[in-house]
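Enquirer: Just final_25.pdb, nothing more (PDB, C-alpha atoms):
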```pdb
ATOM      1  CA  GLY A   1       0.000   0.000   0.000
ATOM      2  CA  ALA A   2       1.009   3.606   0.139
ATOM      3  CA  ALA A   3       3.036   5.182   2.912
ATOM      4  CA  ARG A   4       1.388   4.996   6.313
ATOM      5  CA  ALA A   5       2.498   8.471   7.325
ATOM      6  CA  GLY A   6       0.147  11.344   6.621
ATOM      7  CA  ARG A   7      -3.591  11.726   6.579
ATOM      8  CA  ALA A   8      -5.699  10.997   3.527
ATOM      9  CA  SER A   9      -6.759  14.184   1.803
ATOM     10  CA  PRO A  10     -10.462  15.093   1.879
ATOM     11  CA  ARG A  11     -12.542  14.389  -1.196
ATOM     12  CA  ALA A  12     -14.788  17.444  -1.182
ATOM     13  CA  PRO A  13     -16.696  17.765  -4.486
ATOM     14  CA  ARG A  14     -16.001  20.634  -6.832
ATOM     15  CA  ASN A  15     -16.857  21.699 -10.347
ATOM     16  CA  LEU A  16     -14.900  19.189 -12.444
ATOM     17  CA  ALA A  17     -15.541  21.216 -15.579
ATOM     18  CA  ALA A  18     -13.657  24.268 -14.301
ATOM     19  CA  PRO A  19     -10.353  24.405 -16.224
ATOM     20  CA  LEU A  20      -7.031  25.534 -14.831
ATOM     21  CA  PRO A  21      -4.703  27.808 -16.767
ATOM     22  CA  THR A  22      -1.711  26.037 -18.254
ATOM     23  CA  ASP A  23       1.794  26.527 -16.935
ATOM     24  CA  SER A  24       4.160  29.073 -18.327
ATOM     25  CA  PRO A  25       7.021  27.336 -20.204
ATOM     26  CA  SER A  26       9.336  27.767 -17.202
ATOM     27  CA  ASP A  27       6.948  25.759 -15.008
ATOM     28  CA  LEU A  28       6.843  22.752 -17.324
ATOM     29  CA  PRO A  29       9.383  19.945 -17.691
ATOM     30  CA  PRO A  30      11.681  20.739 -20.644
ATOM     31  CA  GLU A  31      10.294  17.779 -22.592
ATOM     32  CA  CYS A  32       6.969  19.625 -22.844
ATOM     33  CA  ALA A  33       8.533  22.164 -25.196
ATOM     34  CA  ALA A  34       8.570  19.486 -27.914
ATOM     35  CA  VAL A  35       5.677  17.200 -26.945
ATOM     36  CA  GLU A  36       2.247  18.253 -25.713
ATOM     37  CA  CYS A  37       1.735  17.707 -21.980
ATOM     38  CA  PRO A  38      -1.514  17.844 -19.991
ATOM     39  CA  PRO A  39      -2.522  21.283 -18.733
ATOM     40  CA  SER A  40      -1.302  22.002 -15.243
ATOM     41  CA  ARG A  41      -0.314  24.845 -12.979
ATOM     42  CA  GLY A  42       2.826  24.923 -10.901
ATOM     43  CA  VAL A  43       1.598  26.491  -7.673
ATOM     44  CA  ALA A  44       4.712  26.157  -5.485
ATOM     45  CA  ALA A  45       8.321  25.437  -6.386
ATOM     46  CA  PRO A  46      10.751  23.490  -4.185
ATOM     47  CA  ASN A  47      12.296  25.702  -1.492
ATOM     48  CA  ALA A  48      14.243  25.543   1.761
ATOM     49  CA  SER A  49      11.262  24.196   3.697
ATOM     50  CA  ALA A  50       9.845  21.812   1.073
ATOM     51  CA  ALA A  51      12.066  19.814  -1.304
ATOM     52  CA  PHE A  52       9.189  19.176  -3.694
ATOM     53  CA  ALA A  53       6.852  21.176  -5.902
ATOM     54  CA  LEU A  54       3.084  21.543  -5.779
ATOM     55  CA  ARG A  55       1.145  21.201  -9.019
ATOM     56  CA  ALA A  56      -2.548  21.446  -9.891
ATOM     57  CA  TYR A  57      -4.215  19.500 -12.717
ATOM     58  CA  PRO A  58      -7.754  20.052 -14.036
ATOM     59  CA  ALA A  59      -9.769  17.118 -12.713
ATOM     60  CA  ALA A  60     -11.841  16.801 -15.902
ATOM     61  CA  HIS A  61      -8.866  16.434 -18.273
ATOM     62  CA  LEU A  62      -9.221  13.186 -20.257
ATOM     63  CA  TRP A  63      -6.649  10.420 -20.515
ATOM     64  CA  ALA A  64      -6.656   7.226 -22.525
ATOM     65  CA  THR A  65      -6.092   4.602 -19.833
ATOM     66  CA  HIS A  66      -5.606   0.908 -19.231
ATOM     67  CA  ASP A  67      -6.041  -0.696 -15.809
ATOM     68  CA  VAL A  68      -3.820  -3.525 -14.565
ATOM     69  CA  SER A  69      -4.090  -5.560 -11.381
ATOM     70  CA  ALA A  70      -0.905  -7.337 -10.326
ATOM     71  CA  LEU A  71       0.663  -8.652  -7.150
ATOM     72  CA  GLY A  72       4.019  -7.452  -5.902
ATOM     73  CA  GLU A  73       6.341  -4.972  -7.547
ATOM     74  CA  ALA A  74       5.079  -5.007 -11.135
ATOM     75  CA  PHE A  75       5.341  -1.338 -12.132
ATOM     76  CA  SER A  76       7.539  -1.949 -15.180
ATOM     77  CA  GLN A  77       5.458  -4.859 -16.435
ATOM     78  CA  ALA A  78       2.174  -3.003 -15.972
ATOM     79  CA  THR A  79       3.489   0.140 -17.650
ATOM     80  CA  SER A  80       4.775  -1.862 -20.614
ATOM     81  CA  GLU A  81       1.439  -3.646 -21.021
ATOM     82  CA  GLY A  82      -0.485  -0.399 -20.802
ATOM     83  CA  PHE A  83       1.850   1.398 -23.189
ATOM     84  CA  GLU A  84       1.312  -1.188 -25.930
ATOM     85  CA  LEU A  85      -2.492  -0.952 -25.721
ATOM     86  CA  LEU A  86      -2.519   2.835 -25.519
ATOM     87  CA  PHE A  87      -0.073   3.177 -28.394
ATOM     88  CA  ALA A  88      -2.378   0.990 -30.464
ATOM     89  CA  TYR A  89      -5.276   3.327 -29.559
ATOM     90  CA  ILE A  90      -3.445   6.457 -30.739
ATOM     91  CA  SER A  91      -2.208   4.573 -33.830
ATOM     92  CA  GLY A  92      -5.763   4.007 -35.067
ATOM     93  CA  ALA A  93      -7.403   1.361 -32.858
ATOM     94  CA  ASN A  94     -10.345   3.641 -32.236
ATOM     95  CA  ALA A  95     -13.822   4.273 -33.614
ATOM     96  CA  ARG A  96     -12.570   6.717 -36.242
ATOM     97  CA  ASN A  97      -9.418   4.777 -37.232
ATOM     98  CA  GLU A  98      -7.703   8.046 -36.412
ATOM     99  CA  SER A  99      -4.035   8.602 -35.653
ATOM    100  CA  ILE A 100      -3.604  10.703 -32.521
ATOM    101  CA  ALA A 101      -0.468  12.614 -31.594
ATOM    102  CA  MET A 102       1.694  11.109 -28.866
ATOM    103  CA  THR A 103       1.751  13.177 -25.689
ATOM    104  CA  ALA A 104       3.871  13.171 -22.546
ATOM    105  CA  PRO A 105       4.173  11.892 -19.922
ATOM    106  CA  VAL A 106       3.412   8.193 -19.779
ATOM    107  CA  TRP A 107       1.488   8.239 -16.496
ATOM    108  CA  THR A 108       1.132   5.257 -14.184
ATOM    109  CA  ALA A 109      -1.137   5.730 -11.160
ATOM    110  CA  ILE A 110      -0.450   3.120  -8.519
ATOM    111  CA  GLY A 111      -2.896   1.881  -5.881
ATOM    112  CA  PRO A 112      -2.305   0.257  -2.502
ATOM    113  CA  GLY A 113      -1.214  -3.291  -1.768
ATOM    114  CA  ALA A 114      -0.566  -5.126   1.475
ATOM    115  CA  GLY A 115       2.515  -3.213   2.646
ATOM    116  CA  PRO A 116       4.177   0.190   2.265
ATOM    117  CA  PHE A 117       4.210   0.962  -1.460
ATOM    118  CA  CYS A 118       3.727  -2.705  -2.426
ATOM    119  CA  SER A 119       1.673  -1.924  -5.489
ATOM    120  CA  SER A 120      -1.197  -4.077  -6.673
ATOM    121  CA  THR A 121      -3.253  -1.851  -8.992
ATOM    122  CA  PHE A 122      -2.020   0.295 -11.856
ATOM    123  CA  ARG A 123      -3.678   2.751 -14.244
ATOM    124  CA  VAL A 124      -1.458   3.568 -17.212
ATOM    125  CA  GLY A 125      -2.415   6.685 -19.134
ATOM    126  CA  PHE A 126      -1.653   8.858 -22.155
ATOM    127  CA  SER A 127      -2.988  12.412 -21.977
ATOM    128  CA  VAL A 128      -5.579  13.075 -24.703
ATOM    129  CA  PRO A 129      -4.441  16.098 -26.769
ATOM    130  CA  ALA A 130      -6.193  19.389 -26.098
ATOM    131  CA  SER A 131      -7.683  19.390 -29.602
ATOM    132  CA  LEU A 132      -9.544  16.135 -28.856
ATOM    133  CA  GLN A 133     -10.620  16.728 -25.266
ATOM    134  CA  ALA A 134     -14.205  17.396 -26.339
ATOM    135  CA  ALA A 135     -14.303  14.753 -29.080
ATOM    136  CA  ALA A 136     -11.856  11.936 -28.426
ATOM    137  CA  PRO A 137     -12.629   8.823 -30.494
ATOM    138  CA  GLU A 138     -13.847   5.826 -28.528
ATOM    139  CA  PRO A 139     -11.278   3.039 -28.155
ATOM    140  CA  SER A 140     -11.799  -0.089 -30.245
ATOM    141  CA  ASP A 141     -10.277  -2.269 -27.513
ATOM    142  CA  ALA A 142     -12.495  -2.665 -24.438
ATOM    143  CA  ARG A 143      -9.358  -2.717 -22.284
ATOM    144  CA  VAL A 144      -8.753   0.958 -23.086
ATOM    145  CA  SER A 145     -10.925   3.675 -21.542
ATOM    146  CA  LEU A 146     -11.243   7.450 -21.644
ATOM    147  CA  THR A 147     -10.863   8.582 -18.040
ATOM    148  CA  PRO A 148     -10.616  12.019 -16.380
ATOM    149  CA  THR A 149      -7.705  12.910 -14.126
ATOM    150  CA  GLY A 150     -10.180  12.945 -11.230
ATOM    151  CA  GLU A 151     -10.306  14.749  -7.934
ATOM    152  CA  ALA A 152      -7.560  12.653  -6.326
ATOM    153  CA  PHE A 153      -4.792  13.990  -8.565
ATOM    154  CA  SER A 154      -6.052  17.567  -8.955
ATOM    155  CA  CYS A 155      -3.457  18.758  -6.405
ATOM    156  CA  VAL A 156      -0.192  16.848  -6.079
ATOM    157  CA  ALA A 157       3.245  17.055  -4.535
ATOM    158  CA  VAL A 158       5.884  16.399  -7.201
ATOM    159  CA  ARG A 159       9.408  15.011  -6.803
ATOM    160  CA  GLY A 160      11.614  14.689  -9.881
ATOM    161  CA  PHE A 161      14.206  11.989 -10.459
ATOM    162  CA  GLY A 162      16.474  10.816 -13.265
ATOM    163  CA  GLY A 163      17.416   7.545 -14.879
ATOM    164  CA  TYR A 164      14.982   4.845 -15.892
ATOM    165  CA  ALA A 165      11.875   4.446 -13.726
ATOM    166  CA  ASN A 166      11.660   0.829 -12.552
ATOM    167  CA  ASP A 167      10.185  -1.219  -9.728
ATOM    168  CA  THR A 168      13.024  -0.297  -7.373
ATOM    169  CA  SER A 169      13.399   3.397  -8.152
ATOM    170  CA  VAL A 170       9.706   4.291  -8.072
ATOM    171  CA  VAL A 171       9.248   2.669  -4.654
ATOM    172  CA  ALA A 172      12.263   4.522  -3.265
ATOM    173  CA  GLU A 173      11.229   7.882  -4.750
ATOM    174  CA  ALA A 174       7.617   7.575  -3.601
ATOM    175  CA  ALA A 175       8.716   6.621  -0.084
ATOM    176  CA  ALA A 176      11.114   9.588   0.027
ATOM    177  CA  LEU A 177       8.389  12.023  -1.042
ATOM    178  CA  ALA A 178       5.925  10.552   1.469
ATOM    179  CA  ALA A 179       8.514  10.963   4.230
ATOM    180  CA  GLN A 180       9.047  14.613   3.256
ATOM    181  CA  LEU A 181       5.304  15.249   3.324
ATOM    182  CA  ALA A 182       4.879  13.519   6.670
ATOM    183  CA  SER A 183       7.768  15.383   8.281
ATOM    184  CA  GLY A 184       6.302  18.676   7.070
ATOM    185  CA  GLY A 185       2.869  17.945   8.510
ATOM    186  CA  TRP A 186       1.176  17.926   5.116
ATOM    187  CA  VAL A 187      -2.274  16.442   4.648
ATOM    188  CA  PHE A 188      -1.818  13.933   1.851
ATOM    189  CA  ASP A 189      -3.376  10.852   0.325
ATOM    190  CA  ALA A 190      -1.559   7.923   1.901
ATOM    191  CA  GLN A 191      -3.218   5.392  -0.405
ATOM    192  CA  SER A 192      -1.882   6.163  -3.877
ATOM    193  CA  TYR A 193       0.794   7.805  -5.976
ATOM    194  CA  ALA A 194       1.673   8.204  -9.659
ATOM    195  CA  VAL A 195       4.804   8.055 -11.776
ATOM    196  CA  ALA A 196       5.226  10.298 -14.829
ATOM    197  CA  GLN A 197       7.834   9.366 -17.456
ATOM    198  CA  TYR A 198       8.598  12.097 -19.985
ATOM    199  CA  ASP A 199      11.220  10.504 -22.224
ATOM    200  CA  SER A 200      11.359   7.874 -24.939
ATOM    201  CA  PRO A 201      12.865   4.551 -23.821
ATOM    202  CA  PHE A 202      15.642   5.278 -26.327
ATOM    203  CA  THR A 203      16.720   8.387 -24.394
ATOM    204  CA  ALA A 204      19.503   7.150 -22.135
ATOM    205  CA  ILE A 205      20.957  10.414 -20.817
ATOM    206  CA  GLY A 206      19.203  13.286 -19.065
ATOM    207  CA  ARG A 207      15.971  11.425 -18.445
ATOM    208  CA  HIS A 208      13.233  13.181 -16.464
ATOM    209  CA  ASN A 209      10.681  11.346 -14.341
ATOM    210  CA  GLU A 210       8.409  12.443 -11.531
ATOM    211  CA  VAL A 211       6.641  10.817  -8.632
ATOM    212  CA  LEU A 212       3.386  12.526  -7.609
ATOM    213  CA  ILE A 213       1.419  12.102  -4.387
ATOM    214  CA  PRO A 214      -2.036  13.662  -3.945
ATOM    215  CA  VAL A 215      -2.239  16.326  -1.242
ATOM    216  CA  ALA A 216      -5.276  18.127   0.138
ATOM    217  CA  LYS A 217      -6.529  20.452  -2.583
ATOM    218  CA  GLU A 218      -6.641  23.232  -0.006
ATOM    219  CA  ALA A 219      -2.824  23.223  -0.158
ATOM    220  CA  CYS A 220      -2.893  24.242  -3.817
ATOM    221  CA  ALA A 221      -5.557  26.876  -3.171
ATOM    222  CA  LYS A 222      -3.505  28.319  -0.305
ATOM    223  CA  ALA A 223      -0.309  28.379  -2.383
ATOM    224  CA  GLN A 224      -2.116  30.089  -5.254
ATOM    225  CA  ALA A 225      -3.540  32.724  -2.889
ATOM    226  CA  GLN A 226      -0.098  33.369  -1.416
ATOM    227  CA  ALA A 227       1.419  33.725  -4.887
ATOM    228  CA  ARG A 228      -1.264  36.233  -5.887
ATOM    229  CA  ALA A 229      -0.721  38.238  -2.700
ATOM    230  CA  GLN A 230       3.036  38.326  -3.269
ATOM    231  CA  ALA A 231       2.545  39.403  -6.891
ATOM    232  CA  GLU A 232       0.270  42.266  -5.788
ATOM    233  CA  GLN A 233       2.900  43.481  -3.312
ATOM    234  CA  ARG A 234       5.598  43.740  -5.978
TER     235      ARG A 234
END
```
Is it possible to give me this structure as structure tokens?
Expert:
Amino acid sequence: GAARAGRASPRAPRNLAAPLPTDSPSDLPPECAAVECPPSRGVAAPNASAAFALRAYPAAHLWATHDVSALGEAFSQATSEGFELLFAYISGANARNESIAMTAPVWTAIGPGAGPFCSSTFRVGFSVPASLQAAAPEPSDARVSLTPTGEAFSCVAVRGFGGYANDTSVVAEAAALAAQLASGGWVFDAQSYAVAQYDSPFTAIGRHNEVLIPVAKEACAKAQAQARAQAEQR
């Protein structure tokens, strides 16, 4: 399961249709300059008191997803399985036989297992391009779905890491981020996390990955309010 430290964030309902402005280029991973990424807003950068960033995603943003249930540490296997099905979807395995542009990152949301970060459920996703958000073609394969980001990941703590994301590294990075959140007294979802991979498997140097843990959405709202207040004082 996910880290025991921390308190699960509240799931208060909100208007899922309300969009968030996209990041400025400086707030996005560098890979997003060449490949479309999902809309998001960087609401707090890492600083002396928090070695992670806060980011907000619009909860209604659609992803093409594939769900996997597996015992033990099966992140790499699940991501590979999901990637193949989702790549087929964007390559034309959909109701319109339409080719869809590849986006970044490859997103794997990981659910709880029996022990700390022993993952048993995985949702692998490709972000649906902005141009198709209102009219994405239905998948031809029943194992692929069109799924919104959802409330859980609308406000997340983000920790970046390099190299190839694998069963060992994602567990270590997620545990490190959970420990940082717990030590800082953050209210966070102790039941799930996600891994975002921004690079092609053929990119061996300078890879960029992220681990994301949901935090109480009030944290993003507070950070945004503080940023606005600071901007007004300048």
Enquirer: Translate the PyMOL selection byres ((chain A and resi 37-39) around 10) into a concrete residue list for this structure, as a ChimeraX atom specification.
Expert: /A:19-23,28-29,31-36,40-41,56-58,61-63,102-106,126-130,149,198
Enquirer: Using only C-alpha atoms, please write the residues we just selected to a file, as a tab-separated table (two decimals), in the frame of the given file.
Expert:
```
chain	number	residue	atom	x	y	z
A	19	PRO	CA	-10.35	24.40	-16.22
A	20	LEU	CA	-7.03	25.53	-14.83
A	21	PRO	CA	-4.70	27.81	-16.77
A	22	THR	CA	-1.71	26.04	-18.25
A	23	ASP	CA	1.79	26.53	-16.93
A	28	LEU	CA	6.84	22.75	-17.32
A	29	PRO	CA	9.38	19.94	-17.69
A	31	GLU	CA	10.29	17.78	-22.59
A	32	CYS	CA	6.97	19.62	-22.84
A	33	ALA	CA	8.53	22.16	-25.20
A	34	ALA	CA	8.57	19.49	-27.91
A	35	VAL	CA	5.68	17.20	-26.94
A	36	GLU	CA	2.25	18.25	-25.71
A	40	SER	CA	-1.30	22.00	-15.24
A	41	ARG	CA	-0.31	24.84	-12.98
A	56	ALA	CA	-2.55	21.45	-9.89
A	57	TYR	CA	-4.22	19.50	-12.72
A	58	PRO	CA	-7.75	20.05	-14.04
A	61	HIS	CA	-8.87	16.43	-18.27
A	62	LEU	CA	-9.22	13.19	-20.26
A	63	TRP	CA	-6.65	10.42	-20.52
A	102	MET	CA	1.69	11.11	-28.87
A	103	THR	CA	1.75	13.18	-25.69
A	104	ALA	CA	3.87	13.17	-22.55
A	105	PRO	CA	4.17	11.89	-19.92
A	106	VAL	CA	3.41	8.19	-19.78
A	126	PHE	CA	-1.65	8.86	-22.16
A	127	SER	CA	-2.99	12.41	-21.98
A	128	VAL	CA	-5.58	13.08	-24.70
A	129	PRO	CA	-4.44	16.10	-26.77
A	130	ALA	CA	-6.19	19.39	-26.10
A	149	THR	CA	-7.70	12.91	-14.13
A	198	TYR	CA	8.60	12.10	-19.98
```
Enquirer: For CA of Ala152 (chain A) and CA of Ala134 (chain A), determine how far apart the two atoms are, in Å to one decimal place.
Expert: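 According to the coordinates, CA of Ala152 (chain A) and CA of Ala134 (chain A) are separated by 21.6 Å.
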Enquirer: Using the chain letters and residue numbers of this document, give as a VMD selection string the residues selected by the PyMOL selection byres ((chain A and resi 55) around 12).
Expert: chain A and resid 20 to 23 27 to 28 38 to 46 52 to 54 56 to 58 153 to 159 210 to 217 219 to 221 223 to 224
Enquirer: For CA of Val170 (chain A) and CA of Glu84 (chain A), determine how far apart the two atoms are, in Å to one decimal place.
Expert: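 If I compute the distance from CA of Val170 (chain A) to CA of Glu84 (chain A), I get 20.5 Å.
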Enquirer: Which residues would end up in the selection if the PyMOL selection byres ((chain A and resi 109) around 6) were applied here, given that I need the answer as a list in words?
Expert: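 In the shown coordinates, the PyMOL selection byres ((chain A and resi 109) around 6) covers Thr108, Ile110, Phe122, Arg123, Tyr193 and Ala194 of chain A.
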Enquirer: Take CA of Ala95 (chain A) and CA of Pro137 (chain A) and report the distance between them in Å, one decimal.
Expert: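 Between these atoms lies a distance of 5.6 Å.
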Enquirer: Got a sec to check which residues sit within 12 Å of (13.4, 6.6, -24.7), counting only C-alpha atoms, and write them as a PyMOL selection string?
Expert: chain A and resi 31+104-106+163-165+197-209
Enquirer: Would you kindly return, as a compact mmCIF listing (two decimals) with C-alpha atoms, in the coordinates of the input, each protein, DNA or RNA residue with an atom no farther than 7 Å from any atom of Thr121 (chain A), considering all atoms listed in the file and excluding same-chain residues fewer than 4 positions away?
Expert:
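Ended up saving to selection-v9.txt:
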```txt
# COMPACT_ATOMS: atom_id res chain seq x y z
CA VAL A 68 -3.82 -3.52 -14.56
CA SER A 69 -4.09 -5.56 -11.38
CA ALA A 70 -0.90 -7.34 -10.33
CA ILE A 110 -0.45 3.12 -8.52
CA GLY A 111 -2.90 1.88 -5.88
CA PRO A 112 -2.31 0.26 -2.50
```
Enquirer: For Pro139 (chain A), work out the shell of residues within 12 Å, counting only C-alpha atoms and skipping chain neighbours fewer than 3 positions away, then give it as a ChimeraX atom specification.
Expert: /A:63-66,85-100,136,142-147
Enquirer: Which residues, written as a JSON list (two decimals) with C-alpha atoms, keeping the file's coordinate frame, have at least one atom at most 8 Å from Ser76 (chain A), with all atoms listed in the file counted and residues fewer than 4 positions away on the same chain left out?
Expert:
```json
[["chain", "number", "residue", "atom", "x", "y", "z"],
["A", 80, "SER", "CA", 4.78, -1.86, -20.61],
["A", 165, "ALA", "CA", 11.88, 4.45, -13.73],
["A", 166, "ASN", "CA", 11.66, 0.83, -12.55],
["A", 167, "ASP", "CA", 10.18, -1.22, -9.73]]
```
Enquirer: Limit the output to N, CA, C and O atoms and give region 87-102 of chain A as an mmCIF file, in the first residue's frame.
Expert:
```cif
data_model
loop_
_atom_site.group_PDB
_atom_site.id
_atom_site.type_symbol
_atom_site.label_atom_id
_atom_site.label_comp_id
_atom_site.auth_asym_id
_atom_site.auth_seq_id
_atom_site.Cartn_x
_atom_site.Cartn_y
_atom_site.Cartn_z
ATOM 1 N N PHE A 87 -0.704 2.800 -27.124
ATOM 2 C CA PHE A 87 -0.073 3.177 -28.394
ATOM 3 C C PHE A 87 -0.904 2.678 -29.569
ATOM 4 O O PHE A 87 -1.024 3.359 -30.595
ATOM 5 N N ALA A 88 -1.492 1.495 -29.415
ATOM 6 C CA ALA A 88 -2.378 0.990 -30.464
ATOM 7 C C ALA A 88 -3.584 1.917 -30.631
ATOM 8 O O ALA A 88 -4.015 2.208 -31.761
ATOM 9 N N TYR A 89 -4.128 2.406 -29.501
ATOM 10 C CA TYR A 89 -5.276 3.327 -29.559
ATOM 11 C C TYR A 89 -4.921 4.581 -30.346
ATOM 12 O O TYR A 89 -5.670 4.997 -31.255
ATOM 13 N N ILE A 90 -3.774 5.218 -30.038
ATOM 14 C CA ILE A 90 -3.445 6.457 -30.739
ATOM 15 C C ILE A 90 -2.961 6.194 -32.164
ATOM 16 O O ILE A 90 -2.913 7.109 -32.981
ATOM 17 N N SER A 91 -2.648 4.925 -32.474
ATOM 18 C CA SER A 91 -2.208 4.573 -33.830
ATOM 19 C C SER A 91 -3.371 4.200 -34.745
ATOM 20 O O SER A 91 -3.149 3.845 -35.907
ATOM 21 N N GLY A 92 -4.600 4.256 -34.221
ATOM 22 C CA GLY A 92 -5.763 4.007 -35.067
ATOM 23 C C GLY A 92 -6.744 2.986 -34.548
ATOM 24 O O GLY A 92 -7.784 2.765 -35.183
ATOM 25 N N ALA A 93 -6.460 2.337 -33.420
ATOM 26 C CA ALA A 93 -7.403 1.361 -32.858
ATOM 27 C C ALA A 93 -8.478 2.096 -32.075
ATOM 28 O O ALA A 93 -8.591 1.999 -30.845
ATOM 29 N N ASN A 94 -9.260 2.856 -32.832
ATOM 30 C CA ASN A 94 -10.345 3.641 -32.236
ATOM 31 C C ASN A 94 -11.489 3.749 -33.245
ATOM 32 O O ASN A 94 -11.359 3.322 -34.402
ATOM 33 N N ALA A 95 -12.600 4.287 -32.816
ATOM 34 C CA ALA A 95 -13.822 4.273 -33.614
ATOM 35 C C ALA A 95 -13.693 5.028 -34.932
ATOM 36 O O ALA A 95 -14.447 4.770 -35.872
ATOM 37 N N ARG A 96 -12.738 5.947 -35.014
ATOM 38 C CA ARG A 96 -12.570 6.717 -36.242
ATOM 39 C C ARG A 96 -11.318 6.292 -37.024
ATOM 40 O O ARG A 96 -10.965 6.940 -38.013
ATOM 41 N N ASN A 97 -10.668 5.212 -36.594
ATOM 42 C CA ASN A 97 -9.418 4.777 -37.232
ATOM 43 C C ASN A 97 -8.448 5.951 -37.381
ATOM 44 O O ASN A 97 -7.764 6.099 -38.396
ATOM 45 N N GLU A 98 -8.413 6.775 -36.360
ATOM 46 C CA GLU A 98 -7.703 8.046 -36.412
ATOM 47 C C GLU A 98 -6.355 7.948 -35.710
ATOM 48 O O GLU A 98 -6.257 7.383 -34.615
ATOM 49 N N SER A 99 -5.332 8.494 -36.315
ATOM 50 C CA SER A 99 -4.035 8.602 -35.653
ATOM 51 C C SER A 99 -4.047 9.832 -34.748
ATOM 52 O O SER A 99 -4.477 10.912 -35.160
ATOM 53 N N ILE A 100 -3.588 9.650 -33.529
ATOM 54 C CA ILE A 100 -3.604 10.703 -32.521
ATOM 55 C C ILE A 100 -2.166 10.982 -32.105
ATOM 56 O O ILE A 100 -1.362 10.064 -31.941
ATOM 57 N N ALA A 101 -1.835 12.241 -31.951
ATOM 58 C CA ALA A 101 -0.468 12.614 -31.594
ATOM 59 C C ALA A 101 -0.078 12.038 -30.237
ATOM 60 O O ALA A 101 -0.880 12.016 -29.300
ATOM 61 N N MET A 102 1.156 11.573 -30.135
ATOM 62 C CA MET A 102 1.694 11.109 -28.866
ATOM 63 C C MET A 102 1.899 12.303 -27.949
ATOM 64 O O MET A 102 2.328 13.376 -28.387
#
```
